[in-house]
Number of protein chains: 2
Amino acid sequence: MGSNIHHPAVDEIELTAVMHALSDPARLKVVRTLAVEEERACGTFDLGVSKATASHHYKVLREAGITRKRIEGSHHYLTLRREDLDARFPGLLDAVLAADLAGAAR
Amino acid sequence: MGSNIHHPAVDEIELTAVMHALSDPARLKVVRTLAVEEERACGTFDLGVSKATASHHYKVLREAGITRKRIEGSHHYLTLRREDLDARFPGLLDAVLAADLAGAAR
DNA sequence: GCTGGTGTTCGATAATCGTCAAACTCATAT
DNA sequence: ATATGAGTTTGACGATTATCGAACACCAGC
């Protein structure tokens with residue numbers, strides 16, 4: 001069967017889910033990295049957690065509508081859903097990314 | 001002794017704590033209300049939860065640096081730390097408040 | 001075929017969280 | 001002083017969460 005991975009539509013993205021997804025340091029690091037790097041394979045984020053845990057974080061980000069996953073061969077590539085987030089919650093992602101620059105991991 | 005209520009300094013406000021605090025519908029409602037109303041007593045938010053639960057939410061918001069509490073007589077008044085939040089994470093609060101307008105409770 | 005690499009899913013566990021009722025503190029009445 | 005009202009604190013409970021190892025699925029080579 002085709003890929004079962006689900007990405008919420010733009011108008012299905014919920015603020016509470018986005019806020020929750022971005023309240024974890026590991027997930028914040030993924031988002032921060034994708035904001036610079038555009039597209040990266042799952043394995044290339046050094047999150048300091050196990051593969052299983054990292055996979056869980058990818059799922060939370062995807063289901064919140066923050067990232068999109070593309071499967072190519074044996075690699076899973078992540079991208080930021082920048083335009084979708086900007087359309088749904090203007091300024092939110094920019095504010096979060098700017099905050100990361102200011103305050104290290106705070 | 002003076003009041004023991006602690007408010008984090010501006011540079012102690014952590015992004016993850018703010019994001020977590022704003023990931024709950026009841027707390028979001030408090031913030032949304034304070035954005036319009038400027039100052040309100042704790043009891044005047046109809047959150048649909050018990051007093052104990054509401055008090056817990058006030059504490060989470062205060063400890064995250066989002067609200068400030070002022071005690072006057074037997075009333076506890078809450079205000080939004082708008083300038084502090086804007087200084088620490090420019091655009092974040094505005095984005096959240098704008099999002100609330102767009103998407104009801106989503 | 002097999003083997004190695006990439007990533008997910010499945011329990012399981014420990015920690016955190018949201019919720020409440022009950023007891024409490026403090027101020028303001030009467 | 002006795003009550004009433006505003007809010008907090010204290011357990012306690014169930015639900016969610018973050019974490020891991022182990023097993024699994026899939027693809028790309030050998």
# chains A, B, ... in the order shown; residues from 1 in each chain; ligands from 1
call {"tool": "closest_atom_pairs", "arguments": {"of": "chain C", "to": "region 4-28 of chain D", "cutoff": "8 Å", "atoms": "only C-alpha atoms (C1' of nucleotides)", "output": "tab-separated table"}}
result
residue	atom	partner	partner_atom	distance
C:DT8	C1'	D:DA25	C1'	7.9
C:DT9	C1'	D:DC24	C1'	7.2
C:DC10	C1'	D:DA23	C1'	7.8
C:DT16	C1'	D:DT17	C1'	7.0
C:DC17	C1'	D:DT16	C1'	7.1
C:DA23	C1'	D:DT10	C1'	7.8
C:DC24	C1'	D:DT9	C1'	7.1
C:DT25	C1'	D:DT8	C1'	7.8
C:DA29	C1'	D:DT4	C1'	7.6
call {"tool": "interface_residues", "arguments": {"of": "chain B", "to": "chain A", "cutoff": "7 Å", "atoms": "only C-alpha atoms", "output": "list in words"}}
result
Glu14, Leu15, Thr16, Ala17, Met19, His20, Leu22, Ser23, Asp24, Pro25, Phe89, Pro90, Gly91, Leu92, Ala95, Val96, Ala99 and Arg106 of chain B
call {"tool": "write_last_selection", "arguments": {"atoms": "N, CA, C and O atoms", "output": "compact mmCIF listing (two decimals), in the first residue's frame"}}
result
# COMPACT_ATOMS: atom_id res chain seq x y z
N GLU B 14 12.21 31.15 29.98
CA GLU B 14 12.67 30.12 29.05
C GLU B 14 11.63 29.83 27.98
O GLU B 14 10.44 29.71 28.27
N LEU B 15 12.13 29.68 26.77
CA LEU B 15 11.23 29.45 25.65
C LEU B 15 10.40 28.19 25.85
O LEU B 15 9.19 28.20 25.63
N THR B 16 11.05 27.11 26.27
CA THR B 16 10.31 25.85 26.42
C THR B 16 9.20 25.99 27.46
O THR B 16 8.11 25.45 27.28
N ALA B 17 9.47 26.72 28.53
CA ALA B 17 8.45 26.92 29.56
C ALA B 17 7.28 27.74 29.02
O ALA B 17 6.12 27.44 29.30
N MET B 19 6.38 28.01 25.84
CA MET B 19 5.64 27.20 24.86
C MET B 19 4.75 26.18 25.57
O MET B 19 3.60 25.98 25.18
N HIS B 20 5.29 25.57 26.59
CA HIS B 20 4.48 24.60 27.33
C HIS B 20 3.28 25.27 28.00
O HIS B 20 2.16 24.75 27.95
N LEU B 22 1.69 27.78 27.10
CA LEU B 22 0.69 28.21 26.11
C LEU B 22 0.13 27.05 25.30
O LEU B 22 -0.57 27.26 24.31
N SER B 23 0.42 25.83 25.70
CA SER B 23 -0.09 24.68 24.96
C SER B 23 -1.36 24.11 25.58
O SER B 23 -1.85 23.07 25.16
N ASP B 24 -1.88 24.79 26.57
CA ASP B 24 -3.12 24.33 27.23
C ASP B 24 -4.26 25.31 26.96
O ASP B 24 -4.08 26.52 27.13
N PRO B 25 -5.42 24.82 26.55
CA PRO B 25 -6.55 25.67 26.20
C PRO B 25 -6.98 26.61 27.33
O PRO B 25 -7.27 27.79 27.06
N PHE B 89 11.15 37.53 23.70
CA PHE B 89 10.82 36.76 22.50
C PHE B 89 9.95 37.60 21.57
O PHE B 89 8.73 37.39 21.49
N PRO B 90 10.56 38.51 20.84
CA PRO B 90 9.80 39.46 20.03
C PRO B 90 8.86 38.76 19.04
O PRO B 90 9.27 37.87 18.32
N GLY B 91 7.62 39.19 19.07
CA GLY B 91 6.66 38.69 18.10
C GLY B 91 5.92 37.44 18.53
O GLY B 91 4.88 37.11 17.96
N LEU B 92 6.44 36.76 19.54
CA LEU B 92 5.83 35.48 19.93
C LEU B 92 4.41 35.66 20.47
O LEU B 92 3.46 35.02 20.00
N ALA B 95 1.93 36.75 17.85
CA ALA B 95 1.56 35.65 16.95
C ALA B 95 0.53 34.74 17.61
O ALA B 95 -0.44 34.32 16.97
N VAL B 96 0.73 34.45 18.87
CA VAL B 96 -0.20 33.58 19.58
C VAL B 96 -1.57 34.24 19.71
O VAL B 96 -2.60 33.61 19.48
N ALA B 99 -3.31 34.26 16.42
CA ALA B 99 -3.75 32.90 16.09
C ALA B 99 -5.05 32.58 16.79
O ALA B 99 -5.94 31.97 16.21
N ARG B 106 -8.93 26.35 18.53
CA ARG B 106 -7.93 25.45 17.94
C ARG B 106 -6.55 25.92 18.27
O ARG B 106 -5.60 25.27 18.09
call {"tool": "select_by_dssp", "arguments": {"residues": "chain B", "states": "helix (DSSP H, G or I)", "output": "JSON, numbers by chain"}}
result
{"B": [10, 11, 12, 15, 16, 17, 18, 19, 20, 21, 25, 26, 27, 28, 29, 30, 31, 32, 33, 34, 35, 36, 37, 42, 43, 44, 51, 52, 53, 54, 55, 56, 57, 58, 59, 60, 61, 62, 63, 82, 83, 84, 85, 86, 87, 88, 92, 93, 94, 95, 96, 97, 98, 99, 100, 101, 102]}
call {"tool": "interface_residues", "arguments": {"of": "chain C", "to": "chain B", "cutoff": "10 Å", "atoms": "only C-alpha atoms (C1' of nucleotides)", "output": "VMD selection string"}}
result
chain C and resid 18 to 21 26 to 28
call {"tool": "write_last_selection", "arguments": {"atoms": "N, CA and C atoms (P, O5', C5', C4', C3', O3' and C1' of nucleotides)", "output": "PDB file, in the first residue's frame"}}
result
ATOM      1  P    DG C  18      -0.703  20.428  32.162  1.00  0.00           P
ATOM      2  O5'  DG C  18      -2.147  19.854  32.538  1.00  0.00           O
ATOM      3  C5'  DG C  18      -2.831  19.056  31.588  1.00  0.00           C
ATOM      4  C4'  DG C  18      -4.122  18.554  32.185  1.00  0.00           C
ATOM      5  C3'  DG C  18      -4.986  19.638  32.826  1.00  0.00           C
ATOM      6  O3'  DG C  18      -6.344  19.435  32.440  1.00  0.00           O
ATOM      7  C1'  DG C  18      -4.457  17.959  34.424  1.00  0.00           C
ATOM      8  P    DT C  19      -7.482  20.464  32.889  1.00  0.00           P
ATOM      9  O5'  DT C  19      -8.108  19.785  34.179  1.00  0.00           O
ATOM     10  C5'  DT C  19      -8.704  18.494  34.085  1.00  0.00           C
ATOM     11  C4'  DT C  19      -8.919  17.891  35.443  1.00  0.00           C
ATOM     12  C3'  DT C  19      -9.552  18.811  36.483  1.00  0.00           C
ATOM     13  O3'  DT C  19     -10.966  18.801  36.347  1.00  0.00           O
ATOM     14  C1'  DT C  19      -7.921  17.310  37.406  1.00  0.00           C
ATOM     15  P    DC C  20     -11.891  19.756  37.243  1.00  0.00           P
ATOM     16  O5'  DC C  20     -11.965  19.051  38.671  1.00  0.00           O
ATOM     17  C5'  DC C  20     -12.477  17.720  38.774  1.00  0.00           C
ATOM     18  C4'  DC C  20     -12.209  17.176  40.158  1.00  0.00           C
ATOM     19  C3'  DC C  20     -12.773  18.045  41.268  1.00  0.00           C
ATOM     20  O3'  DC C  20     -13.961  17.468  41.762  1.00  0.00           O
ATOM     21  C1'  DC C  20     -10.532  17.248  41.749  1.00  0.00           C
ATOM     22  P    DA C  21     -14.904  18.261  42.788  1.00  0.00           P
ATOM     23  O5'  DA C  21     -14.444  17.725  44.221  1.00  0.00           O
ATOM     24  C5'  DA C  21     -14.359  16.317  44.464  1.00  0.00           C
ATOM     25  C4'  DA C  21     -13.758  16.071  45.831  1.00  0.00           C
ATOM     26  C3'  DA C  21     -14.404  16.869  46.965  1.00  0.00           C
ATOM     27  O3'  DA C  21     -14.367  16.077  48.154  1.00  0.00           O
ATOM     28  C1'  DA C  21     -12.123  17.464  46.793  1.00  0.00           C
ATOM     29  P    DC C  26      -1.480  33.163  56.727  1.00  0.00           P
ATOM     30  O5'  DC C  26      -2.352  34.375  56.153  1.00  0.00           O
ATOM     31  C5'  DC C  26      -2.306  34.659  54.759  1.00  0.00           C
ATOM     32  C4'  DC C  26      -3.505  35.502  54.359  1.00  0.00           C
ATOM     33  C3'  DC C  26      -3.816  36.655  55.322  1.00  0.00           C
ATOM     34  O3'  DC C  26      -3.761  37.872  54.619  1.00  0.00           O
ATOM     35  C1'  DC C  26      -5.779  35.476  54.704  1.00  0.00           C
ATOM     36  P    DA C  27      -3.848  39.267  55.417  1.00  0.00           P
ATOM     37  O5'  DA C  27      -5.219  39.882  54.890  1.00  0.00           O
ATOM     38  C5'  DA C  27      -5.432  39.952  53.477  1.00  0.00           C
ATOM     39  C4'  DA C  27      -6.900  40.176  53.184  1.00  0.00           C
ATOM     40  C3'  DA C  27      -7.523  41.369  53.911  1.00  0.00           C
ATOM     41  O3'  DA C  27      -8.303  42.110  52.997  1.00  0.00           O
ATOM     42  C1'  DA C  27      -8.778  39.421  54.338  1.00  0.00           C
ATOM     43  P    DT C  28      -8.796  43.579  53.404  1.00  0.00           P
ATOM     44  O5'  DT C  28     -10.373  43.398  53.520  1.00  0.00           O
ATOM     45  C5'  DT C  28     -11.097  42.823  52.436  1.00  0.00           C
ATOM     46  C4'  DT C  28     -12.456  42.341  52.895  1.00  0.00           C
ATOM     47  C3'  DT C  28     -13.275  43.380  53.672  1.00  0.00           C
ATOM     48  O3'  DT C  28     -14.579  43.454  53.114  1.00  0.00           O
ATOM     49  C1'  DT C  28     -13.259  41.333  54.814  1.00  0.00           C
TER      50       DT C  28
END
call {"tool": "residues_around", "arguments": {"residues": "DC30 (chain D)", "least_positions_apart": "6", "cutoff": "12 Å", "atoms": "only C-alpha atoms (C1' of nucleotides)", "output": "list in words"}}
result
DG1, DC2, DT3 and DG4 of chain C
call {"tool": "atom_distance", "arguments": {"atom1": "CA of Ala9 (chain B)", "atom2": "CA of Tyr58 (chain B)"}}
result
17.3 Å
call {"tool": "residues_around", "arguments": {"residues": "Leu47 (chain B)", "least_positions_apart": "4", "cutoff": "9 Å", "atoms": "only C-alpha atoms (C1' of nucleotides)", "output": "ChimeraX atom specification"}}
result
/B:26-27,29-30,54
